[in-house]
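Listing of target.txt, compact mmCIF, C-alpha atoms
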# COMPACT_ATOMS: atom_id res chain seq x y z
CA THR A 1 -21.73 46.27 28.18
CA VAL A 2 -21.07 47.71 24.74
CA VAL A 3 -21.42 51.50 24.62
CA GLU A 4 -22.03 52.97 21.18
CA THR A 5 -20.86 56.52 20.48
CA PRO A 6 -20.76 58.55 17.24
CA LEU A 7 -17.26 59.08 15.91
CA THR A 8 -16.47 62.36 14.22
CA GLU A 9 -13.77 62.73 11.62
CA PHE A 10 -11.66 64.38 14.32
CA LEU A 11 -11.82 61.29 16.55
CA LYS A 12 -11.04 58.98 13.66
CA ALA A 13 -8.01 61.02 12.65
CA GLY A 14 -6.75 61.21 16.19
CA GLY A 15 -6.74 57.45 16.74
CA ALA A 16 -9.34 57.51 19.47
CA ALA A 17 -11.52 55.05 17.56
CA LYS A 18 -8.79 52.45 17.66
CA CYS A 19 -8.31 52.93 21.36
CA LEU A 20 -12.02 52.61 22.02
CA THR A 21 -12.18 49.42 19.95
CA LEU A 22 -9.35 47.88 21.89
CA ARG A 23 -10.97 48.77 25.16
CA VAL A 24 -14.35 47.32 24.12
CA THR A 25 -12.94 44.02 22.86
CA GLU A 26 -10.36 43.56 25.59
CA THR A 27 -11.10 40.50 27.73
CA HIS A 28 -12.16 41.46 31.23
CA HIS A 29 -10.69 39.37 34.04
CA GLU A 30 -11.88 39.42 37.61
CA SER A 31 -9.04 40.02 40.05
CA PRO A 32 -8.14 36.53 41.28
CA GLN A 33 -6.98 35.84 44.76
CA ALA A 34 -3.20 35.81 44.87
CA SER A 35 -3.16 32.43 46.56
CA LYS A 36 -4.85 30.76 43.53
CA ILE A 37 -2.42 31.93 40.87
CA GLN A 38 -0.11 29.14 39.71
CA SER A 39 3.32 29.67 38.17
CA ARG A 40 5.82 27.33 36.51
CA THR A 41 9.04 27.99 34.65
CA ILE A 42 9.76 25.80 31.63
CA HIS A 43 12.91 25.27 29.58
CA LEU A 44 12.93 24.92 25.79
CA GLU A 45 15.85 23.89 23.64
CA GLY A 46 16.29 23.23 19.92
CA HIS A 47 15.85 25.11 16.65
CA LEU A 48 13.10 27.13 18.26
CA LEU A 49 12.70 29.70 15.49
CA ASP A 50 13.23 27.46 12.44
CA SER A 51 10.73 24.89 13.70
CA GLY A 52 8.23 27.48 14.95
CA LEU A 53 8.29 25.72 18.32
CA VAL A 54 8.52 28.88 20.41
CA ASN A 55 5.43 30.30 18.70
CA ARG A 56 3.51 27.07 19.29
CA VAL A 57 4.47 27.07 22.95
CA LEU A 58 3.40 30.67 23.54
CA ASP A 59 0.16 30.20 21.59
CA THR A 60 -0.57 27.06 23.61
CA ILE A 61 -0.17 28.96 26.87
CA VAL A 62 -2.50 31.78 25.83
CA ALA A 63 -5.09 29.49 24.23
CA GLY A 64 -5.16 27.41 27.40
CA GLY A 65 -6.11 30.42 29.52
CA GLY A 66 -2.68 31.30 30.91
CA SER A 67 -0.11 34.00 30.44
CA PHE A 68 3.64 33.97 29.95
CA GLN A 69 6.80 35.92 30.53
CA VAL A 70 9.96 35.14 28.55
CA VAL A 71 12.58 35.08 31.27
CA ASN A 72 15.55 34.28 29.06
CA PHE A 73 16.13 33.63 25.35
CA SER A 74 19.51 32.55 23.99
CA LEU A 75 19.61 32.54 20.19
CA GLY A 76 22.08 30.21 18.48
CA ALA A 77 25.03 32.10 17.03
CA GLN A 78 25.39 29.88 13.94
CA ARG A 79 22.84 28.35 11.57
CA LEU A 80 23.24 24.85 13.00
CA ASP A 81 23.37 25.99 16.63
CA THR A 82 20.37 25.37 18.85
CA SER A 83 18.55 28.05 20.82
CA ALA A 84 17.34 27.93 24.40
CA ALA A 85 14.60 29.75 26.26
CA GLU A 86 13.10 29.91 29.72
CA VAL A 87 9.46 30.92 29.96
CA LYS A 88 7.47 31.63 33.10
CA VAL A 89 3.94 30.27 32.76
CA SER A 90 1.13 31.64 34.91
CA ALA A 91 -2.43 30.34 35.23
CA PRO A 92 -5.41 31.37 37.37
CA ASP A 93 -5.71 27.98 39.08
CA LEU A 94 -4.20 24.54 39.34
CA VAL A 95 -6.61 22.91 36.86
CA VAL A 96 -5.74 25.35 34.06
CA MET A 97 -2.04 25.05 34.85
CA ALA A 98 -2.15 21.25 34.71
CA ASP A 99 -3.86 21.34 31.31
CA ILE A 100 -1.35 23.82 29.90
CA MET A 101 1.65 21.94 31.26
CA GLY A 102 0.39 18.66 29.81
CA GLN A 103 0.34 20.24 26.35
CA LEU A 104 3.75 21.90 26.81
CA ILE A 105 5.35 18.59 27.84
CA ASP A 106 4.10 17.06 24.58
CA LEU A 107 5.90 19.89 22.76
CA GLY A 108 9.17 19.00 24.46
CA ALA A 109 9.18 21.54 27.30
CA VAL A 110 10.81 20.52 30.59
CA SER A 111 10.61 22.04 34.03
CA ALA A 112 13.38 24.53 34.73
CA SER A 113 13.39 23.63 38.42
CA GLU A 114 16.73 22.33 39.68
CA GLN A 115 14.91 19.90 41.96
CA THR A 116 13.50 16.83 40.22
CA ILE A 117 9.81 16.38 40.97
CA ASP A 118 8.68 12.76 40.86
CA ALA A 119 5.86 11.72 38.57
CA THR A 120 2.52 11.22 40.27
CA LEU A 121 1.40 7.58 40.23
CA ALA A 122 -2.08 6.17 40.69
CA PRO A 123 -2.69 2.44 41.23
CA VAL A 124 -4.64 0.38 38.72
CA THR A 125 -7.64 -0.94 40.63
CA GLN A 126 -9.47 -2.47 37.69
CA ALA A 127 -7.80 -4.33 34.84
CA GLY A 128 -7.89 -2.35 31.60
CA VAL A 129 -8.88 0.91 33.32
CA ALA A 130 -6.61 3.83 34.28
CA ALA A 131 -7.18 6.71 36.66
CA ASP A 132 -9.14 9.56 35.07
CA ASP A 133 -6.21 11.99 34.87
CA PHE A 134 -3.76 9.53 33.29
CA TYR A 135 -1.02 10.94 31.03
CA ALA A 136 -1.66 10.05 27.37
CA THR A 137 1.58 9.21 25.57
CA THR A 138 2.92 10.57 22.28
CA ILE A 139 5.24 9.12 19.62
CA TYR A 140 8.26 10.87 21.15
CA PRO A 141 10.73 9.21 23.55
CA THR A 142 9.54 9.88 27.09
CA GLU A 143 11.14 9.74 30.54
CA ILE A 144 9.53 9.92 33.97
CA ALA A 145 11.03 10.75 37.34
CA VAL A 146 10.76 8.05 40.01
CA ALA A 147 12.53 8.45 43.37
CA GLY A 148 14.50 11.37 42.00
CA GLU A 149 15.81 9.44 38.99
CA TRP A 150 14.78 9.75 35.35
CA ILE A 151 13.88 6.42 33.77
CA LYS A 152 13.07 5.78 30.11
CA VAL A 153 9.60 4.60 29.14
CA GLN A 154 9.82 1.35 27.16
CA GLY A 155 7.73 0.48 24.11
CA GLN A 156 7.00 4.08 23.17
CA ARG A 157 3.85 4.69 21.09
CA MET A 158 1.03 7.20 20.93
CA ASP A 159 -2.35 6.98 22.66
CA GLY A 160 -1.21 4.83 25.55
CA ALA A 161 -0.66 5.16 29.30
CA ILE A 162 2.61 4.86 31.22
CA ALA A 163 2.46 1.80 33.47
CA VAL A 164 5.01 1.61 36.29
CA THR A 165 5.98 -1.62 38.02
CA GLN A 166 8.24 -1.82 41.07
CA THR A 167 10.89 -4.56 40.96
CA ASP A 168 13.83 -5.56 43.13
CA THR A 169 16.15 -3.60 40.84
CA GLY A 170 13.98 -0.51 40.65
CA ALA A 171 10.98 0.87 38.81
CA ILE A 172 10.19 -0.13 35.23
CA ALA A 173 8.02 2.12 33.07
CA LYS A 174 6.26 0.81 29.97
CA CYS A 175 3.92 2.38 27.45
CA LYS A 176 0.74 0.30 27.45
CA LEU A 177 -2.65 0.41 25.81
CA LEU A 178 -5.48 0.86 28.30
CA ARG A 179 -6.74 -2.67 27.69
CA ASP A 180 -3.37 -4.11 28.75
CA LEU A 181 -3.21 -2.45 32.19
CA GLN A 182 -3.13 -4.92 35.08
CA VAL A 183 -4.06 -4.65 38.73
CA GLY A 184 -0.84 -4.16 40.73
CA GLU A 185 0.61 -1.66 38.27
CA SER A 186 0.49 2.10 38.61
CA VAL A 187 -0.09 4.68 35.90
CA VAL A 188 1.38 8.16 35.59
CA VAL A 189 -1.21 10.89 36.15
CA GLY A 190 -1.00 14.65 35.73
CA SER A 191 1.99 16.36 34.15
CA GLU A 192 4.63 16.45 36.88
CA GLY A 193 7.84 14.46 36.50
CA ILE A 194 7.47 13.83 32.76
CA ARG A 195 9.66 14.93 29.90
CA THR A 196 9.66 14.13 26.19
CA LYS A 197 12.66 14.27 23.92
CA ARG A 198 12.41 15.52 20.37
CA ASN A 199 15.02 15.55 17.65
CA THR A 200 16.42 19.07 17.87
CA THR A 201 17.56 19.03 14.23
CA THR A 202 14.50 20.22 12.37
CA ILE A 203 16.27 21.97 9.51
CA LYS A 204 17.40 20.30 6.30
CA LYS A 205 20.71 18.51 6.44
CA VAL A 206 23.61 19.61 4.31
CA ALA A 207 24.07 18.32 0.77
CA THR A 208 26.32 15.44 1.84
CA GLU A 209 23.32 13.90 3.60
CA GLU A 210 20.72 14.75 0.96
CA PHE A 211 19.18 11.28 1.03
CA SER A 212 18.13 11.47 4.67
CA PHE A 213 14.48 11.96 5.52
CA MET A 214 14.25 15.23 7.40
CA GLY A 215 11.01 17.18 7.48
CA ALA A 216 7.55 15.85 6.90
CA GLY A 217 5.86 16.67 3.62
CA VAL A 218 3.51 15.51 0.92
CA SER A 219 5.08 15.24 -2.50
CA SER A 220 3.21 15.83 -5.74
CA GLU A 221 3.67 13.96 -9.01
CA ARG A 222 6.47 16.22 -10.21
CA ARG A 223 8.68 15.12 -7.31
CA VAL A 224 8.14 11.37 -7.56
CA GLU A 225 11.47 10.62 -9.28
CA LEU A 226 13.45 12.60 -6.70
CA VAL A 227 11.66 10.99 -3.76
CA VAL A 228 12.12 7.53 -5.29
CA GLU A 229 15.88 8.13 -5.43
CA GLN A 230 15.88 9.03 -1.74
CA ILE A 231 13.83 5.97 -0.78
CA ALA A 232 15.94 3.60 -2.91
CA TRP A 233 19.13 4.94 -1.36
CA ASP A 234 17.73 4.46 2.13
CA LEU A 235 16.45 0.94 1.38
CA ARG A 236 19.87 -0.03 0.10
CA GLN A 237 21.63 1.34 3.19
CA ILE A 238 19.21 -0.36 5.58
CA ARG A 239 19.57 -3.72 3.85
CA ASP A 240 23.37 -3.52 3.71
CA ARG A 241 23.72 -2.75 7.42
CA GLY A 242 21.26 -5.47 8.45
CA GLY A 243 18.39 -3.15 9.30
CA LYS A 244 14.68 -3.81 9.06
CA VAL A 245 12.04 -2.61 6.60
CA ALA A 246 8.33 -3.34 7.07
CA VAL A 247 5.81 -3.00 4.24
CA VAL A 248 2.12 -2.23 4.75
CA ALA A 249 0.29 -3.02 1.51
CA GLY A 250 -3.26 -2.86 0.21
CA PRO A 251 -4.88 -4.78 -2.66
CA VAL A 252 -4.30 -1.82 -5.00
CA VAL A 253 -0.70 -3.06 -5.23
CA ILE A 254 -2.07 -6.11 -7.05
CA HIS A 255 -4.71 -4.27 -9.10
CA THR A 256 -2.16 -1.79 -10.49
CA GLY A 257 0.35 -4.45 -11.51
CA GLY A 258 2.80 -3.62 -8.74
CA SER A 259 3.03 -7.18 -7.40
CA LYS A 260 5.90 -8.20 -9.67
CA HIS A 261 7.97 -5.28 -8.36
CA LEU A 262 7.08 -6.07 -4.73
CA ASN A 263 8.06 -9.67 -5.46
CA GLN A 264 11.52 -8.47 -6.51
CA LEU A 265 11.91 -6.35 -3.38
CA ILE A 266 11.15 -9.42 -1.24
CA ARG A 267 13.49 -11.70 -3.23
CA GLU A 268 16.37 -9.23 -2.98
CA GLY A 269 16.08 -8.82 0.79
CA TYR A 270 14.58 -5.32 1.00
CA VAL A 271 11.43 -6.45 2.87
CA HIS A 272 11.56 -7.99 6.35
CA ALA A 273 7.86 -7.96 7.31
CA LEU A 274 4.61 -7.64 5.39
CA LEU A 275 1.39 -6.31 6.90
CA GLY A 276 -2.00 -6.02 5.25
CA GLY A 277 -5.56 -7.25 5.19
CA ASN A 278 -7.27 -10.31 3.84
CA ALA A 279 -7.76 -8.63 0.44
CA ILE A 280 -4.13 -8.22 -0.65
CA ALA A 281 -3.42 -11.89 -0.05
CA VAL A 282 -6.65 -13.01 -1.76
CA HIS A 283 -6.10 -10.98 -4.92
CA ASP A 284 -2.40 -11.83 -5.02
CA ILE A 285 -3.28 -15.51 -4.89
CA GLU A 286 -6.10 -14.98 -7.43
CA GLN A 287 -3.59 -13.44 -9.83
CA SER A 288 -1.12 -16.26 -9.27
CA LEU A 289 -3.71 -19.01 -9.84
CA MET A 290 -5.96 -17.47 -12.51
CA GLY A 291 -4.18 -14.40 -13.87
CA THR A 292 -6.89 -12.01 -12.72
CA SER A 293 -7.39 -9.51 -9.93
CA LEU A 294 -11.02 -8.85 -8.96
CA GLY A 295 -11.92 -10.75 -12.12
CA VAL A 296 -9.91 -8.42 -14.39
CA ASP A 297 -7.36 -10.03 -16.70
CA MET A 298 -4.00 -8.54 -15.67
CA GLN A 299 -2.55 -8.87 -19.17
CA ARG A 300 -5.44 -7.45 -21.20
CA GLY A 301 -7.07 -5.20 -18.59
CA ILE A 302 -10.59 -6.46 -19.26
CA SER A 303 -13.09 -8.40 -17.17
CA VAL A 304 -13.31 -12.11 -17.91
CA HIS A 305 -16.45 -14.21 -17.94
CA GLY A 306 -17.18 -15.49 -14.43
CA GLY A 307 -14.33 -13.41 -13.01
CA HIS A 308 -16.42 -12.27 -10.09
CA ARG A 309 -16.01 -15.81 -8.68
CA HIS A 310 -12.22 -15.95 -9.00
CA HIS A 311 -11.38 -14.45 -5.60
CA LEU A 312 -13.74 -16.92 -3.93
CA LYS A 313 -12.12 -19.81 -5.80
CA ALA A 314 -8.70 -18.57 -4.63
CA ILE A 315 -9.91 -18.48 -1.00
CA ASN A 316 -11.41 -21.93 -1.33
CA THR A 317 -8.18 -23.36 -2.74
CA ILE A 318 -6.08 -22.04 0.15
CA ARG A 319 -8.64 -23.20 2.70
CA ARG A 320 -8.44 -26.68 1.21
CA CYS A 321 -4.66 -26.61 1.69
CA GLY A 322 -5.01 -25.36 5.27
CA SER A 323 -2.77 -22.28 4.96
CA ILE A 324 -0.79 -20.21 2.49
CA ALA A 325 2.44 -21.92 3.56
CA ASN A 326 0.87 -25.34 2.98
CA ALA A 327 -0.26 -24.25 -0.49
CA VAL A 328 3.33 -23.26 -1.32
CA GLU A 329 4.72 -26.50 0.10
CA GLN A 330 2.19 -28.58 -1.86
CA GLY A 331 3.05 -26.77 -5.11
CA VAL A 332 -0.44 -25.29 -5.45
CA LEU A 333 0.82 -21.69 -5.09
CA GLN A 334 3.93 -21.09 -7.22
CA SER A 335 4.22 -17.31 -7.58
CA GLY A 336 3.15 -13.99 -6.14
CA VAL A 337 3.78 -11.81 -3.11
CA MET A 338 2.61 -14.36 -0.56
CA TYR A 339 4.61 -17.10 -2.29
CA GLU A 340 7.79 -14.98 -2.07
CA CYS A 341 7.14 -14.27 1.62
CA VAL A 342 6.88 -17.97 2.37
CA LYS A 343 9.91 -18.93 0.25
CA HIS A 344 12.14 -16.21 1.73
CA ASN A 345 10.93 -16.52 5.35
CA VAL A 346 9.45 -13.02 5.46
CA PRO A 347 6.88 -12.96 8.28
CA PHE A 348 3.46 -11.55 7.40
CA SER A 349 0.30 -10.62 9.26
CA LEU A 350 -3.16 -10.38 7.70
CA ALA A 351 -5.66 -8.44 9.80
CA GLY A 352 -9.29 -9.21 9.08
CA SER A 353 -12.32 -6.93 8.89
CA ILE A 354 -16.10 -7.29 8.79
CA ARG A 355 -16.18 -7.07 4.98
CA ASP A 356 -13.78 -9.97 4.32
CA ASP A 357 -14.83 -12.90 2.16
CA GLY A 358 -13.75 -16.30 3.36
CA PRO A 359 -11.50 -15.35 4.99
CA LEU A 360 -8.17 -17.01 4.29
CA PRO A 361 -7.11 -19.36 7.10
CA ASP A 362 -4.08 -17.11 7.76
CA THR A 363 -6.24 -14.01 8.34
CA GLN A 364 -6.49 -13.01 11.99
CA MET A 365 -10.12 -12.10 12.71
CA ASP A 366 -9.49 -11.27 16.37
CA LEU A 367 -8.82 -7.51 16.15
CA VAL A 368 -6.92 -7.29 19.44
CA ALA A 369 -4.69 -10.21 18.45
CA ALA A 370 -4.14 -8.66 15.00
CA GLN A 371 -3.05 -5.36 16.58
CA ALA A 372 -0.60 -7.17 18.83
CA ASP A 373 0.77 -9.09 15.84
CA TYR A 374 1.24 -5.87 13.87
CA ALA A 375 3.07 -4.26 16.79
CA ARG A 376 5.36 -7.29 17.08
CA LEU A 377 6.28 -7.25 13.38
CA ILE A 378 7.09 -3.52 13.18
CA GLU A 379 9.19 -3.57 16.36
CA GLY A 380 12.76 -2.55 15.57
CA SER A 381 11.92 -1.27 12.09
CA ASP A 382 14.12 1.40 10.54
CA LEU A 383 11.66 2.22 7.76
CA ILE A 384 8.00 1.44 7.08
CA LEU A 385 6.79 1.56 3.48
CA MET A 386 3.02 2.11 3.31
CA LEU A 387 1.57 1.17 -0.07
CA SER A 388 -1.96 2.41 -0.75
CA SER A 389 -3.76 1.08 2.32
CA MET A 390 -5.39 3.89 4.29
CA LEU A 391 -6.76 2.04 7.32
CA HIS A 392 -3.83 -0.32 7.81
CA SER A 393 -1.31 2.50 7.26
CA ILE A 394 -2.97 4.78 9.80
CA GLY A 395 -3.19 1.90 12.26
CA VAL A 396 0.52 1.14 11.88
CA GLY A 397 1.35 4.83 12.11
CA ASN A 398 -0.36 5.00 15.49
CA MET A 399 1.79 2.12 16.74
CA THR A 400 5.08 3.58 15.53
CA PRO A 401 7.38 5.65 17.78
CA ALA A 402 9.33 8.69 16.61
CA GLY A 403 12.61 7.91 14.90
CA VAL A 404 11.18 5.38 12.44
CA LYS A 405 11.09 6.63 8.86
CA MET A 406 7.67 6.27 7.27
CA VAL A 407 6.91 6.54 3.56
CA CYS A 408 3.24 6.63 2.58
CA ILE A 409 2.32 6.10 -1.08
CA ASP A 410 -1.27 6.76 -2.14
CA ILE A 411 -3.15 8.34 -5.03
CA ASN A 412 -5.40 10.07 -2.47
CA PRO A 413 -3.69 13.18 -1.00
CA ALA A 414 -5.87 13.00 2.13
CA VAL A 415 -4.29 9.68 3.12
CA VAL A 416 -0.68 10.83 2.92
CA THR A 417 -1.54 14.12 4.60
CA LYS A 418 -3.10 12.27 7.54
CA LEU A 419 0.09 10.24 8.03
CA SER A 420 2.33 13.29 7.76
CA ASP A 421 0.15 15.15 10.27
CA ARG A 422 1.12 12.69 13.01
CA GLY A 423 3.98 15.06 13.80
CA SER A 424 6.83 12.72 12.96
CA ILE A 425 9.59 14.60 11.17
CA GLU A 426 10.81 11.35 9.60
CA SER A 427 7.61 10.74 7.60
CA ILE A 428 7.07 11.61 3.96
CA GLY A 429 4.06 11.22 1.70
CA VAL A 430 4.04 10.63 -2.04
CA VAL A 431 0.88 11.25 -4.04
CA THR A 432 1.08 8.88 -7.01
CA ASP A 433 -0.08 5.55 -8.42
CA VAL A 434 1.41 2.79 -6.29
CA GLY A 435 2.15 0.57 -9.30
CA LEU A 436 4.13 3.36 -10.96
CA PHE A 437 5.97 4.07 -7.72
CA LEU A 438 7.05 0.44 -7.26
CA SER A 439 8.20 0.29 -10.88
CA LEU A 440 10.35 3.41 -10.46
CA LEU A 441 11.67 2.16 -7.12
CA VAL A 442 12.85 -1.14 -8.59
CA GLN A 443 14.45 0.69 -11.52
CA GLN A 444 16.37 2.95 -9.15
CA LEU A 445 17.49 0.01 -6.99
CA ASN A 446 18.72 -1.74 -10.14
CA LYS A 447 20.76 1.37 -10.98
CA LEU A 448 22.29 1.36 -7.50
CA THR A 449 23.11 -2.32 -7.88
CA GLY A 450 24.81 -1.59 -11.19
CA GLN A 451 26.83 1.22 -9.62
CA TYR A 452 27.83 -0.44 -6.39
CA GLY A 453 27.24 -4.14 -7.06
CA GLY A 454 25.49 -6.65 -4.79
File written out as structure tokens:
Amino acid sequence: TVVETPLTEFLKAGGAAKCLTLRVTETHHESPQASKIQSRTIHLEGHLLDSGLVNRVLDTIVAGGGSFQVVNFSLGAQRLDTSAAEVKVSAPDLVVMADIMGQLIDLGAVSASEQTIDATLAPVTQAGVAADDFYATTIYPTEIAVAGEWIKVQGQRMDGAIAVTQTDTGAIAKCKLLRDLQVGESVVVGSEGIRTKRNTTTIKKVATEEFSFMGAGVSSERRVELVVEQIAWDLRQIRDRGGKVAVVAGPVVIHTGGSKHLNQLIREGYVHALLGGNAIAVHDIEQSLMGTSLGVDMQRGISVHGGHRHHLKAINTIRRCGSIANAVEQGVLQSGVMYECVKHNVPFSLAGSIRDDGPLPDTQMDLVAAQADYARLIEGSDLILMLSSMLHSIGVGNMTPAGVKMVCIDINPAVVTKLSDRGSIESIGVVTDVGLFLSLLVQQLNKLTGQYGG
């Protein structure tokens, strides 16, 4: 009940008005039975202040309906030292506590209990269906406790469930999509016996490591040259040490004249997998066969008579050959991105959609099979370069675990922001024209080649 009372100047000056306001707006809690109150103590470690993690943890507890008490806080003595904290979490009942703990685990909190509590497992009784309270995975490396031992979850990715299989040598935990769950497996439910591991270094590295990707962000046009230098340096290092780079590309790469630069990246060994839709391959082949992209002359920048049929003619030509590889082998296709992929044994996957014309015989129209193919091609990648393809880039981002550097290039700021908001500290977004970006990237790689050779 809100009680209104006139406030005289005397009351206002004396601070009574503030006190009354606080009392009126203060949340009223019924006195719970002592037996229902739940308490847990969690441990946090890392750059808690620099990253804002401690604030997020405390806000999460309060927003979830709980309360906290900071039991211990050890601040790092030096700039690069990590901090540690122990926080006692209280909640009015077990349901609220479970919800809060699930969110805290995703933030990297671990139980401060000396005794390891095993993860709770529920059997899969119907293929493709998990128990209601299954733990939903994140991009961060995760471990679960089974029989008092911590085991690493394999195939880490977000939006999956943790499937546990018992073998003669012990339990095996894998991150699986719901559709892939099989009867005979068990899934982790609740929040007990789970811990995630985050990179504790969330501050910028020192100048000697200036080309490393640390800290998510969206770069504007004025930073393109600097970001290109960083990406070129990283591409060179990954190639020289035998690493893996995957490229997700949309048809805008072709429309903006970036195909010749992507061709060079493939020829020089900077690309080890190419992912995209039916459109990038169609318009790349259209340009190779007829010099147009969506019927626009790539040299003069104007529409040509009958150009609206060119992409269909390109599809028809490849379908006559049977596949893109056959077209290259038969000498029908003699240039372009797809040609370079075939000639340099770079695997590619084309995922179809309902709007595709044709499609090309190489395009996978089974969505589930296309997702599995994408996941196979990005496995083991050190860096993923996403070139102006919103849907395919977001899809790949959802399949990618933490620790993989992601670079998203798009003229639309909303696209790069969405990728950066995944939470991965290794991702960076660049708002610019993709054709311009590829041109600058090739120029910078040529400079590095001139400086260091090879």
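Around the coordinate (-4.5, 31.5, 28.6), residues that reach within 12 Å when counting all atoms listed in the file are Thr27, His29, Val57, Leu58, Asp59, Thr60, Ile61, Val62, Ala63, Gly64, Gly65, Gly66, Ser67, Phe68, Val89, Ser90, Ala91, Pro92, Asp93, Val96, Met97, Asp99, Ile100 and Met101 of chain A.
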In Å, how far is it from CA of Ala173 (chain A) to CA of Gln154 (chain A)?
->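 Pair CA of Ala173 (chain A) / CA of Gln154 (chain A) returns 6.2 Å.
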Please measure the separation of CA of Ser353 (chain A) and CA of Ala130 (chain A), giving the value in Å to one decimal.
->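 Rounded to one decimal, the two atoms are 28.2 Å apart.
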Which neighbours of Ala109 (chain A) fall inside 6 Å, counting only C-alpha atoms, when residues of the same chain fewer than 2 positions from it are skipped, and could you give them as a list in words?
->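 Counting only the stated atoms, we get His43, Leu44, Leu104, Ile105 and Leu107 of chain A.
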Taking all atoms listed in the file into account, which of A:Asp133, A:Cys341, A:Asn412, A:Asp106 comes nearest Arg56 (chain A)?
-> A:Asp106
Residue among A:Gly184, A:Gly295, A:Gly258, A:Gly193 lying closest to Val110 (chain A), counting all atoms listed in the file |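 So, comparing all the options, the nearest one is A:Gly193.
Protein, DNA and RNA residues at most 9 Å from (12.3, 7.2, -0.2), with only C-alpha atoms, are these: A:Phe211, A:Ser212, A:Phe213, A:Leu226, A:Val227, A:Val228, A:Glu229, A:Gln230, A:Ile231, A:Ala232, A:Trp233, A:Asp234, A:Leu235, A:Leu385, A:Met406, A:Val407, A:Ile428, A:Leu441.
Of the residues listed (A:Ser439, A:Ser388, A:Asn398, A:Ser83), A:Asn398 shows the shortest atom-to-atom separation from Tyr374 (chain A); distances use only C-alpha atoms.
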Distance criterion (all atoms listed in the file): nearest to Gln156 (chain A) out of A:Gly358, A:Leu419, A:Ala402, A:Gly380 =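 Of all the options, A:Ala402 lies closest to Gln156 (chain A).
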With a distance cut-off of 8 Å and only C-alpha atoms, select the neighbouring residues of Thr82 (chain A), excluding the residue or stretch itself and same-chain residues fewer than 6 positions from it, and output the selection as a ChimeraX atom specification.
-> /A:45-48,75-76,200
Coordinates-based distance that separates CA of Ser259 (chain A) from CA of Ala246 (chain A) (Å, one decimal) |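 Separation of CA of Ala246 (chain A) and CA of Ser259 (chain A): 15.9 Å.
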So, counting only C-alpha atoms, which residue among A:Ile144, A:Leu94, A:Ile139, A:Ile37 is closest to Asp118 (chain A)?
->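 When distances to Asp118 (chain A) are compared using only C-alpha atoms, the smallest one comes from A:Ile144.
Closest approach to Cys408 (chain A) from the set A:Pro123, A:Gly250, A:Gly52, A:Gly352 is made by A:Gly250, with distances taken over only C-alpha atoms.
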Edge lengths and centre, in Å to one decimal, as lines of an AutoDock Vina configuration file: that's what I need for the box along x, y and z that holds all listed atoms of region 244-263 of chain A plus 8 Å on each side.
center_x = 4.9
center_y = -5.7
center_z = -1.2
size_x = 35.6
size_y = 23.9
size_z = 36.6
For Asp284 (chain A), work out the shell of residues within 8 Å, counting all atoms listed in the file and skipping chain neighbours fewer than 6 positions away, then give it as a VMD selection string.
-> chain A and resid 251 254 259 293 336 to 338
Give me a file of those residues, with C-alpha atoms, as a tab-separated table (two decimals), in the coordinates of the input.
chain	number	residue	atom	x	y	z
A	251	PRO	CA	-4.88	-4.78	-2.66
A	254	ILE	CA	-2.07	-6.11	-7.05
A	259	SER	CA	3.03	-7.18	-7.40
A	293	SER	CA	-7.39	-9.51	-9.93
A	336	GLY	CA	3.15	-13.99	-6.14
A	337	VAL	CA	3.78	-11.81	-3.11
A	338	MET	CA	2.61	-14.36	-0.56
Distance query Val129 (chain A) at most 8 Å, only C-alpha atoms, self and fewer than 3 positions along chain excluded, as a PDB file with C-alpha atoms, in the frame of the given file:
ATOM      1  CA  VAL A 124      -4.640   0.380  38.720  1.00  0.00           C
ATOM      2  CA  THR A 125      -7.640  -0.940  40.630  1.00  0.00           C
ATOM      3  CA  GLN A 126      -9.470  -2.470  37.690  1.00  0.00           C
ATOM      4  CA  LEU A 178      -5.480   0.860  28.300  1.00  0.00           C
ATOM      5  CA  ARG A 179      -6.740  -2.670  27.690  1.00  0.00           C
ATOM      6  CA  LEU A 181      -3.210  -2.450  32.190  1.00  0.00           C
TER       7      LEU A 181
END
